[in-house]
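The file my_file.cif comes next; it holds mmCIF, C-alpha atoms and all ligand atoms.
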data_upload
loop_
_atom_site.label_atom_id
_atom_site.label_comp_id
_atom_site.auth_asym_id
_atom_site.auth_seq_id
_atom_site.Cartn_x
_atom_site.Cartn_y
_atom_site.Cartn_z
CA ALA A 1 163.16 59.21 182.24
CA VAL A 2 160.80 57.45 184.58
CA PRO A 3 161.22 59.72 187.61
CA LEU A 4 160.95 62.78 185.35
CA VAL A 5 157.52 61.78 184.02
CA VAL A 6 156.37 61.11 187.57
CA ALA A 7 157.76 64.44 188.73
CA VAL A 8 155.96 66.30 185.94
CA SER A 9 152.68 64.55 186.74
CA THR A 10 153.10 65.42 190.40
CA ALA A 11 153.60 69.07 189.50
CA ILE A 12 150.52 69.05 187.26
CA SER A 13 148.44 67.45 189.97
CA ALA A 14 149.61 69.97 192.57
CA ARG A 15 148.28 72.73 190.37
CA ARG A 16 144.90 70.99 190.42
CA GLY A 17 145.01 70.74 194.18
CA ILE A 18 145.92 67.08 194.31
CA LEU A 19 148.84 66.80 196.68
CA ILE A 20 150.74 63.58 196.08
CA LYS A 21 152.80 62.82 199.17
CA ASN A 22 154.48 59.67 197.98
CA ARG A 23 155.59 58.11 194.79
CA LYS A 24 153.63 54.84 195.00
CA THR A 25 150.38 56.79 194.68
CA LEU A 26 150.44 57.22 190.92
CA GLU A 27 151.48 53.64 190.38
CA SER A 28 148.75 52.25 192.66
CA ALA A 29 146.03 54.64 191.46
CA ARG A 30 146.24 53.07 188.03
CA GLU A 31 145.40 49.63 189.40
CA VAL A 32 142.59 50.56 191.78
CA ASP A 33 139.40 48.54 191.25
CA THR A 34 137.56 49.56 194.42
CA VAL A 35 137.11 53.00 195.93
CA VAL A 36 135.94 53.15 199.52
CA PHE A 37 134.49 56.46 200.67
CA ASP A 38 133.89 57.62 204.21
CA LYS A 39 130.49 59.29 204.57
CA THR A 40 130.58 62.25 206.96
CA GLY A 41 132.86 65.01 205.72
CA THR A 42 133.86 63.10 202.58
CA LEU A 43 130.69 62.37 200.59
CA THR A 44 128.87 64.97 202.65
CA VAL A 45 129.96 68.55 203.36
CA GLY A 46 132.06 69.10 206.46
CA GLU A 47 129.30 70.43 208.67
CA LEU A 48 126.01 69.01 209.88
CA GLY A 49 123.09 71.31 210.61
CA ILE A 50 121.09 70.88 213.79
CA THR A 51 117.46 69.98 213.11
CA ASP A 52 116.19 68.90 216.53
CA VAL A 53 117.05 69.31 220.19
CA ILE A 54 115.10 67.14 222.63
CA SER A 55 115.25 67.22 226.42
CA PHE A 56 114.64 64.03 228.41
CA SER A 57 114.00 65.69 231.74
CA PRO A 58 112.31 68.83 233.06
CA GLU A 59 115.51 69.73 234.95
CA THR A 60 117.48 70.23 231.78
CA ASP A 61 115.75 72.21 229.05
CA GLU A 62 116.65 72.14 225.33
CA GLY A 63 118.86 75.21 225.68
CA GLU A 64 120.91 73.53 228.41
CA VAL A 65 121.21 70.27 226.46
CA LEU A 66 122.62 72.29 223.60
CA SER A 67 124.94 74.44 225.68
CA TYR A 68 126.44 71.45 227.54
CA ALA A 69 127.00 69.68 224.25
CA ALA A 70 128.47 72.80 222.58
CA ALA A 71 130.92 73.35 225.44
CA VAL A 72 132.44 69.91 224.93
CA GLU A 73 132.21 70.00 221.13
CA SER A 74 134.12 73.29 221.05
CA GLN A 75 137.25 71.14 221.44
CA SER A 76 136.42 68.77 218.57
CA SER A 77 136.89 69.32 214.83
CA HIS A 78 134.33 66.68 213.82
CA PRO A 79 131.58 67.85 211.40
CA ILE A 80 129.02 67.14 214.16
CA ALA A 81 130.98 69.36 216.53
CA ARG A 82 131.03 72.26 214.08
CA GLY A 83 127.27 72.04 213.63
CA ILE A 84 126.57 72.04 217.35
CA VAL A 85 129.00 74.86 218.18
CA GLU A 86 127.55 76.95 215.37
CA ALA A 87 124.11 76.75 217.01
CA VAL A 88 125.02 78.56 220.25
CA ASP A 89 125.91 82.17 220.97
CA GLU A 90 128.11 81.55 223.98
CA LEU A 91 130.35 78.69 224.99
CA LEU A 92 130.74 77.47 228.57
CA PRO A 93 134.31 76.60 229.52
CA VAL A 94 135.29 72.93 229.41
CA ASP A 95 138.22 70.99 230.82
CA ARG A 96 139.66 67.47 230.64
CA PHE A 97 138.32 67.05 227.11
CA SER A 98 138.79 63.70 225.44
CA THR A 99 137.58 62.03 222.32
CA ILE A 100 136.43 58.49 221.55
CA PRO A 101 137.06 58.27 217.78
CA GLY A 102 133.95 57.33 215.83
CA ARG A 103 131.91 57.27 219.05
CA GLY A 104 131.81 60.66 220.71
CA VAL A 105 133.47 63.15 223.01
CA MET A 106 133.55 64.01 226.72
CA GLY A 107 134.69 66.75 229.07
CA TYR A 108 133.86 68.55 232.32
CA VAL A 109 131.51 71.52 232.26
CA ASN A 110 130.73 73.29 235.58
CA ASP A 111 132.30 70.29 237.34
CA SER A 112 129.83 67.92 235.70
CA ARG A 113 130.99 65.17 233.41
CA VAL A 114 129.37 65.70 230.01
CA LYS A 115 129.39 63.18 227.18
CA VAL A 116 128.13 63.55 223.63
CA LEU A 117 127.80 60.07 222.15
CA SER A 118 126.46 58.28 219.13
CA TYR A 119 123.10 56.67 219.79
CA ALA A 120 124.56 53.19 219.23
CA TYR A 121 127.45 53.78 221.61
CA ALA A 122 125.21 55.29 224.30
CA ARG A 123 123.09 52.13 224.13
CA LYS A 124 126.18 49.96 224.26
CA LEU A 125 127.35 51.73 227.42
CA GLY A 126 124.01 50.81 228.99
CA PHE A 127 122.42 54.27 229.19
CA SER A 128 118.66 54.07 229.25
CA ILE A 129 117.33 56.31 226.54
CA PRO A 130 113.63 57.16 226.52
CA GLU A 131 112.88 55.54 223.18
CA THR A 132 109.33 56.83 222.93
CA ILE A 133 110.51 60.43 223.01
CA ILE A 134 112.95 59.99 220.13
CA ASN A 135 111.02 57.40 218.13
CA ASP A 136 110.04 59.74 215.31
CA LEU A 137 113.60 61.00 215.04
CA MET A 138 114.91 57.43 214.86
CA GLU A 139 112.83 56.81 211.75
CA GLU A 140 114.30 59.80 209.95
CA ALA A 141 117.65 59.76 208.18
CA LYS A 142 119.27 61.97 210.77
CA THR A 143 122.45 61.70 212.74
CA LEU A 144 121.61 61.44 216.44
CA VAL A 145 123.80 62.20 219.40
CA ILE A 146 122.91 61.58 223.04
CA VAL A 147 124.01 64.08 225.69
CA THR A 148 124.70 62.76 229.20
CA VAL A 149 125.52 64.75 232.36
CA ASP A 150 127.12 62.79 235.20
CA ASP A 151 126.07 59.60 233.44
CA GLU A 152 122.42 60.64 233.19
CA PRO A 153 121.06 60.98 229.62
CA VAL A 154 119.60 64.50 229.51
CA GLY A 155 118.77 64.90 225.85
CA CYS A 156 119.29 64.17 222.21
CA ILE A 157 120.39 66.29 219.25
CA GLY A 158 119.39 65.47 215.68
CA LEU A 159 121.56 66.66 212.78
CA ALA A 160 121.24 66.47 209.02
CA ASP A 161 123.89 65.85 206.41
CA ILE A 162 124.22 67.61 203.08
CA ILE A 163 125.61 65.47 200.27
CA ARG A 164 128.41 67.09 198.26
CA PRO A 165 127.02 67.65 194.76
CA GLU A 166 130.30 66.44 193.20
CA ALA A 167 130.14 63.17 195.11
CA ALA A 168 127.35 61.86 192.88
CA ASP A 169 129.34 62.74 189.74
CA ALA A 170 132.49 61.07 191.03
CA ILE A 171 130.62 57.86 191.85
CA ARG A 172 128.78 57.82 188.53
CA ILE A 173 132.04 58.20 186.57
CA LEU A 174 133.91 55.59 188.61
CA LYS A 175 131.06 53.09 188.26
CA SER A 176 130.89 53.67 184.49
CA ARG A 177 134.56 52.64 184.35
CA GLY A 178 133.87 49.44 186.23
CA VAL A 179 135.38 50.68 189.50
CA GLU A 180 133.40 49.49 192.51
CA CYS A 181 132.34 52.18 194.99
CA VAL A 182 131.64 51.44 198.64
CA MET A 183 130.67 53.72 201.54
CA LEU A 184 131.74 53.24 205.17
CA THR A 185 130.44 55.17 208.13
CA GLY A 186 130.37 55.28 211.90
CA ASP A 187 126.92 56.83 211.65
CA ARG A 188 123.57 55.04 211.98
CA GLN A 189 122.29 52.46 209.51
CA ARG A 190 119.26 54.60 208.68
CA VAL A 191 121.41 57.59 207.64
CA ALA A 192 123.82 55.40 205.68
CA GLU A 193 120.94 53.83 203.78
CA TRP A 194 119.62 57.24 202.75
CA VAL A 195 122.99 58.64 201.61
CA ALA A 196 123.82 55.42 199.72
CA GLY A 197 120.44 55.57 198.00
CA GLU A 198 120.97 59.18 196.93
CA LEU A 199 124.39 58.35 195.50
CA GLY A 200 123.49 55.05 193.85
CA LEU A 201 125.83 53.03 196.04
CA GLU A 202 124.92 49.35 196.33
CA GLU A 203 127.48 48.49 198.99
CA TYR A 204 127.73 50.34 202.28
CA HIS A 205 128.51 49.51 205.91
CA ALA A 206 127.27 51.52 208.89
CA GLU A 207 127.97 51.86 212.63
CA LEU A 208 131.64 51.01 212.20
CA THR A 209 134.45 51.79 214.62
CA PRO A 210 137.76 53.06 213.20
CA GLN A 211 139.15 49.53 213.66
CA GLU A 212 136.21 48.01 211.76
CA LYS A 213 136.74 50.42 208.85
CA TYR A 214 140.33 49.22 208.70
CA GLU A 215 139.17 45.60 208.75
CA VAL A 216 136.77 46.12 205.83
CA ILE A 217 139.71 47.40 203.75
CA ARG A 218 141.95 44.53 204.79
CA ARG A 219 139.33 41.92 203.92
CA MET A 220 138.84 43.47 200.47
CA GLN A 221 142.59 43.28 199.90
CA GLU A 222 142.60 39.64 200.97
CA ASP A 223 139.99 39.06 198.28
CA GLY A 224 142.50 40.45 195.79
CA ARG A 225 140.94 43.88 195.39
CA ARG A 226 143.09 46.99 194.92
CA VAL A 227 141.59 49.53 197.24
CA ALA A 228 141.67 53.31 197.46
CA MET A 229 140.21 54.81 200.64
CA VAL A 230 138.98 58.42 200.69
CA GLY A 231 138.34 59.91 204.13
CA ASP A 232 138.48 63.00 206.32
CA GLY A 233 138.52 61.99 209.96
CA VAL A 234 140.63 60.61 212.80
CA ASN A 235 138.28 57.65 212.57
CA ASP A 236 139.52 56.98 209.01
CA ALA A 237 143.24 57.04 209.82
CA PRO A 238 143.77 53.27 210.22
CA ALA A 239 141.82 52.56 207.01
CA LEU A 240 143.70 55.28 205.10
CA ALA A 241 147.02 53.80 206.17
CA GLN A 242 145.98 50.26 205.21
CA ALA A 243 144.52 51.03 201.76
CA ASP A 244 146.62 50.66 198.62
CA ILE A 245 146.20 54.42 198.37
CA GLY A 246 144.90 56.56 201.21
CA VAL A 247 143.35 59.82 200.05
CA ALA A 248 142.54 62.54 202.57
CA ILE A 249 140.00 65.29 202.09
CA GLY A 250 141.81 68.65 202.41
CA ALA A 251 139.29 70.05 204.86
CA GLY A 252 139.74 66.95 207.03
CA THR A 253 141.66 66.47 210.26
CA ASP A 254 145.46 66.56 210.50
CA VAL A 255 145.55 62.91 211.51
CA ALA A 256 143.76 61.88 208.31
CA ILE A 257 146.11 64.02 206.22
CA GLU A 258 149.16 62.50 207.93
CA SER A 259 147.90 58.95 207.36
CA ALA A 260 147.16 59.49 203.67
CA ASP A 261 149.33 59.20 200.56
CA THR A 262 147.48 61.95 198.75
CA VAL A 263 145.44 65.00 199.75
CA LEU A 264 142.54 66.44 197.76
CA VAL A 265 143.14 70.06 198.72
CA ARG A 266 139.83 71.28 197.30
CA SER A 267 137.92 68.60 199.26
CA ASN A 268 136.21 67.61 196.04
CA PRO A 269 135.63 63.86 195.54
CA LEU A 270 135.68 64.45 191.76
CA ASP A 271 139.39 65.25 192.03
CA PHE A 272 139.90 61.57 192.79
CA VAL A 273 138.81 60.82 189.22
CA ASP A 274 141.46 63.29 187.99
CA LEU A 275 144.04 61.49 190.07
CA MET A 276 143.17 58.18 188.39
CA ASP A 277 143.31 59.81 184.94
CA LEU A 278 146.65 61.34 185.71
CA ALA A 279 148.00 58.01 186.93
CA GLY A 280 146.85 56.34 183.72
CA ALA A 281 148.41 59.07 181.57
CA THR A 282 151.68 59.03 183.49
CA TYR A 283 152.24 55.34 183.05
CA SER A 284 151.11 55.15 179.44
CA LYS A 285 153.84 57.76 178.67
CA MET A 286 156.43 55.50 180.21
CA LYS A 287 155.71 52.48 178.03
P1 LIG B 1 131.82 58.88 209.51
O1 LIG B 1 132.45 57.53 209.53
O2 LIG B 1 130.57 58.89 208.69
O3 LIG B 1 132.77 59.96 209.07
P2 LIG B 1 132.34 59.11 212.30
O4 LIG B 1 132.98 57.76 212.42
O5 LIG B 1 133.25 60.28 212.32
O6 LIG B 1 131.39 59.17 211.01
O7 LIG B 1 131.30 59.27 213.46
C1 LIG B 1 130.45 58.21 213.79
C2 LIG B 1 129.49 58.61 214.84
O8 LIG B 1 130.21 58.82 216.08
C3 LIG B 1 128.77 59.89 214.55
O9 LIG B 1 127.63 59.70 213.75
C4 LIG B 1 128.43 60.34 215.96
O10 LIG B 1 127.28 59.72 216.39
C5 LIG B 1 129.63 59.89 216.79
N1 LIG B 1 130.61 60.98 216.90
C6 LIG B 1 131.82 61.09 216.30
N2 LIG B 1 132.42 62.24 216.63
C7 LIG B 1 131.57 62.88 217.44
C8 LIG B 1 131.59 64.14 218.12
N3 LIG B 1 132.61 65.02 218.04
N4 LIG B 1 130.52 64.45 218.87
C9 LIG B 1 129.48 63.62 218.97
N5 LIG B 1 129.39 62.44 218.36
C10 LIG B 1 130.42 62.07 217.62
MG MG B 2 134.24 61.36 208.21
#

Starting from the coordinates I provided, produce the structure as structure tokens.
Ligand code: ADP
Ligand code: MG
Amino acid sequence: AVPLVVAVSTAISARRGILIKNRKTLESAREVDTVVFDKTGTLTVGELGITDVISFSPETDEGEVLSYAAAVESQSSHPIARGIVEAVDELLPVDRFSTIPGRGVMGYVNDSRVKVLSYAYARKLGFSIPETIINDLMEEAKTLVIVTVDDEPVGCIGLADIIRPEAADAIRILKSRGVECVMLTGDRQRVAEWVAGELGLEEYHAELTPQEKYEVIRRMQEDGRRVAMVGDGVNDAPALAQADIGVAIGAGTDVAIESADTVLVRSNPLDFVDLMDLAGATYSKMK
């Protein structure tokens, strides 16, 4: 009788767009006491809108900063990439594209090596960024990427996130049930602080690499917490695999979906609450 109840629950959930890839999901979902959400693409919609383009040098105007960045981003499926590509009419060809998960992308455009990097990572690589020019932008809760051409920073692009309306509901419901909610992000501290504030999240961690996201999950588990991780990106894959249940956002990348135990096909964080309800109902029927 046990497998039958599980099978029925799995069928019900599939109809709601909750794709349960493995059996342990329902069992673990019942015991989860901590839900860790990725920010970009999970709590926020899968596309960031460009708000600012700044050039650092007279040789490269705003339009060129944008078109270099868009050429490289045309090969990426990250929410930042979609926003940047959306903003141009024509794409320059790019070759030898590669990605640095949670940090940026690079490729060759017109035989120049172009990188689009997080502000933190650009600093870490030792690029000198004209702080005075981007000071105002730094203060705002915007995602910033630095564009370099042949290892010369040529400009900066500011992008804004839109919070998924259902994310606030999901977090409110989970908190009311005593489930702890935490946000992780590779984005800047300033942006994380704003999103966490909007969603009523007390715990959040910013500027994390994919490996650091994984480590946060592992440490929580060592403290005896039962952790669900909800994420959309390549950068979430190690954390999704480590969590007691990994939940991928349907609109996310293939790598996230492969690493997860369950997929929220509708990309709605509220469906995670349904998953927990279903898990509770399934196992109470078995008693
Ligand atoms: P999150 O953890 O919130 O989903 P990510 O880890 O995917 O965010 O990204 C962290 C940061 O890495 C971004 O804010 C951005 O600065 C940089 N980044 C990631 N992917 C890209 C990309 N395709 N182009 C430019 N920057 C990127
Ligand atoms: Mg993400």

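Checking A:Val149, A:Ala141, A:Leu208, A:Ala70 one by one against ligand MG 2 (chain B), counting all atoms listed in the file, you find the shortest gap at A:Leu208.
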
Task: Spatial neighbours of Leu275 in chain A, 8 Å, all atoms listed in the file, chain gap at least 4 places, as a PyMOL selection string - done: chain A and resi 13+18+26+29+271+279

Store the residues picked out above in a file with C-alpha atoms, as an mmCIF file, in the frame of the given file.
data_model
loop_
_atom_site.group_PDB
_atom_site.id
_atom_site.type_symbol
_atom_site.label_atom_id
_atom_site.label_comp_id
_atom_site.auth_asym_id
_atom_site.auth_seq_id
_atom_site.Cartn_x
_atom_site.Cartn_y
_atom_site.Cartn_z
ATOM 1 C CA SER A 13 148.440 67.450 189.970
ATOM 2 C CA ILE A 18 145.920 67.080 194.310
ATOM 3 C CA LEU A 26 150.440 57.220 190.920
ATOM 4 C CA ALA A 29 146.030 54.640 191.460
ATOM 5 C CA ASP A 271 139.390 65.250 192.030
ATOM 6 C CA ALA A 279 148.000 58.010 186.930
#

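Minimum atom-to-atom distances from A:Ser55, A:Asn22, A:Gln189, A:Ala170 to Ser118 in chain A were compared using all atoms listed in the file, and the lowest value belongs to A:Gln189.
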
TODO: Could you report the residues within 10 Å of ligand MG 2 (chain B), using only C-alpha atoms and all ligand atoms, as a ChimeraX atom specification?
DONE: /A:37-46,78-80,102,184-187,230-236,249,252-253,256

- [ ] Excluding Gln242 in chain A and residues on its chain fewer than 2 positions from it, collect all residues at most 9 Å away from it, counting all atoms listed in the file, and give them as a ChimeraX atom specification.
- [x] /A:214-215,217-218,229,237-240,244-246

Based on the selection just made, write C-alpha atoms of those residues as a compact mmCIF listing (two decimals), in the coordinates of the input.
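File part.txt, as written:
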# COMPACT_ATOMS: atom_id res chain seq x y z
CA TYR A 214 140.33 49.22 208.70
CA GLU A 215 139.17 45.60 208.75
CA ILE A 217 139.71 47.40 203.75
CA ARG A 218 141.95 44.53 204.79
CA MET A 229 140.21 54.81 200.64
CA ALA A 237 143.24 57.04 209.82
CA PRO A 238 143.77 53.27 210.22
CA ALA A 239 141.82 52.56 207.01
CA LEU A 240 143.70 55.28 205.10
CA ASP A 244 146.62 50.66 198.62
CA ILE A 245 146.20 54.42 198.37
CA GLY A 246 144.90 56.56 201.21

Gly63 in chain A environment, 12 Å, all atoms listed in the file, sequence neighbours closer than 3 positions dropped, as a compact mmCIF listing (two decimals) with C-alpha atoms, in the frame of the given file:
# COMPACT_ATOMS: atom_id res chain seq x y z
CA ASP A 52 116.19 68.90 216.53
CA VAL A 53 117.05 69.31 220.19
CA ILE A 54 115.10 67.14 222.63
CA SER A 55 115.25 67.22 226.42
CA PRO A 58 112.31 68.83 233.06
CA GLU A 59 115.51 69.73 234.95
CA THR A 60 117.48 70.23 231.78
CA LEU A 66 122.62 72.29 223.60
CA SER A 67 124.94 74.44 225.68
CA TYR A 68 126.44 71.45 227.54
CA ALA A 69 127.00 69.68 224.25
CA ALA A 70 128.47 72.80 222.58
CA ILE A 84 126.57 72.04 217.35
CA ALA A 87 124.11 76.75 217.01
CA VAL A 88 125.02 78.56 220.25
CA ASP A 89 125.91 82.17 220.97
CA GLU A 90 128.11 81.55 223.98
CA VAL A 154 119.60 64.50 229.51
CA GLY A 155 118.77 64.90 225.85
CA CYS A 156 119.29 64.17 222.21
CA ILE A 157 120.39 66.29 219.25

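Among the candidates A:Glu180, A:Asp223, A:Glu193, A:Asp33, the residue lying nearest to ligand LIG 1 (chain B) is A:Glu193 (atoms considered: all atoms listed in the file).
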
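The interatomic distance for the pair atom N2 of ligand LIG 1 (chain B) and CA of Ser57 in chain A works out to 24.1 Å.
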
Open item on the list: Can you measure CA of Asp136 in chain A to CA of Thr209 in chain A for me? One decimal in Å is fine.
Closed with: 25.7 Å

Please identify all polymer residues within 9 Å of Gly49 in chain A, counting all atoms listed in the file, omitting same-chain residues fewer than 4 positions from it, and present them as an mmCIF file with C-alpha atoms, in the frame of the given file.
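Below is the file result.cif, written as the result:
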data_model
loop_
_atom_site.group_PDB
_atom_site.id
_atom_site.type_symbol
_atom_site.label_atom_id
_atom_site.label_comp_id
_atom_site.auth_asym_id
_atom_site.auth_seq_id
_atom_site.Cartn_x
_atom_site.Cartn_y
_atom_site.Cartn_z
ATOM 1 C CA ILE A 80 129.020 67.140 214.160
ATOM 2 C CA ARG A 82 131.030 72.260 214.080
ATOM 3 C CA GLY A 83 127.270 72.040 213.630
ATOM 4 C CA ILE A 84 126.570 72.040 217.350
ATOM 5 C CA GLU A 86 127.550 76.950 215.370
ATOM 6 C CA ALA A 87 124.110 76.750 217.010
ATOM 7 C CA GLY A 158 119.390 65.470 215.680
ATOM 8 C CA LEU A 159 121.560 66.660 212.780
ATOM 9 C CA ALA A 160 121.240 66.470 209.020
ATOM 10 C CA ASP A 161 123.890 65.850 206.410
ATOM 11 C CA ILE A 162 124.220 67.610 203.080
#

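For the atom pair formed by atom O1 of ligand LIG 1 (chain B) and CA of Glu31 in chain A, the distance is 25.2 Å, given to one decimal.
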
Let me have the centre and edge lengths of the axis-aligned box enclosing all listed atoms of range 207-224 of chain A with 3 Å padding on every side, in Å to one decimal, as lines of an AutoDock Vina configuration file.
center_x = 135.3
center_y = 46.1
center_z = 205.2
size_x = 20.6
size_y = 20.0
size_z = 24.8

- [ ] Mind checking which residues fall within 9 Å of Ala196 in chain A, counting all atoms listed in the file, ignoring those fewer than 6 positions away in the same chain, and posting them as a list in words?
- [x] Val182, Met183, Glu202, Glu203 and Tyr204 of chain A

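Among the candidate residues A:Ala192, A:Ile171, A:Leu125, A:Ala251, the one lying nearest to Phe272 in chain A is A:Ile171, with distances computed using all atoms listed in the file.
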
Task: Closest of A:Asp169, A:Asp150, A:Asp61, A:Glu207 to ligand LIG 1 (chain B) - atom-to-atom distances counting only C-alpha atoms and all ligand atoms - done: A:Glu207

- [ ] Around the point (138.9, 62.6, 230.6), in the coordinates given by the file, pick out the residues reaching within 12 Å, counting only C-alpha atoms, and return them as a VMD selection string.
- [x] chain A and resid 72 94 to 100 105 to 109 112 to 115

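When all atoms listed in the file are used to measure the gap to Asp261 in chain A, the shortest distance among A:Val145, A:Gln221, A:Leu19, A:Ala11 belongs to A:Leu19.
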
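Residues near the point (133.9, 64.6, 188.7), at a distance of 10 Å or less over all atoms listed in the file, make up Pro165, Glu166, Ala167, Ala168, Asp169, Ala170, Ile171, Arg172, Ile173, Leu174, Asn268, Pro269, Leu270, Asp271, Phe272, Val273 and Asp274 of chain A.
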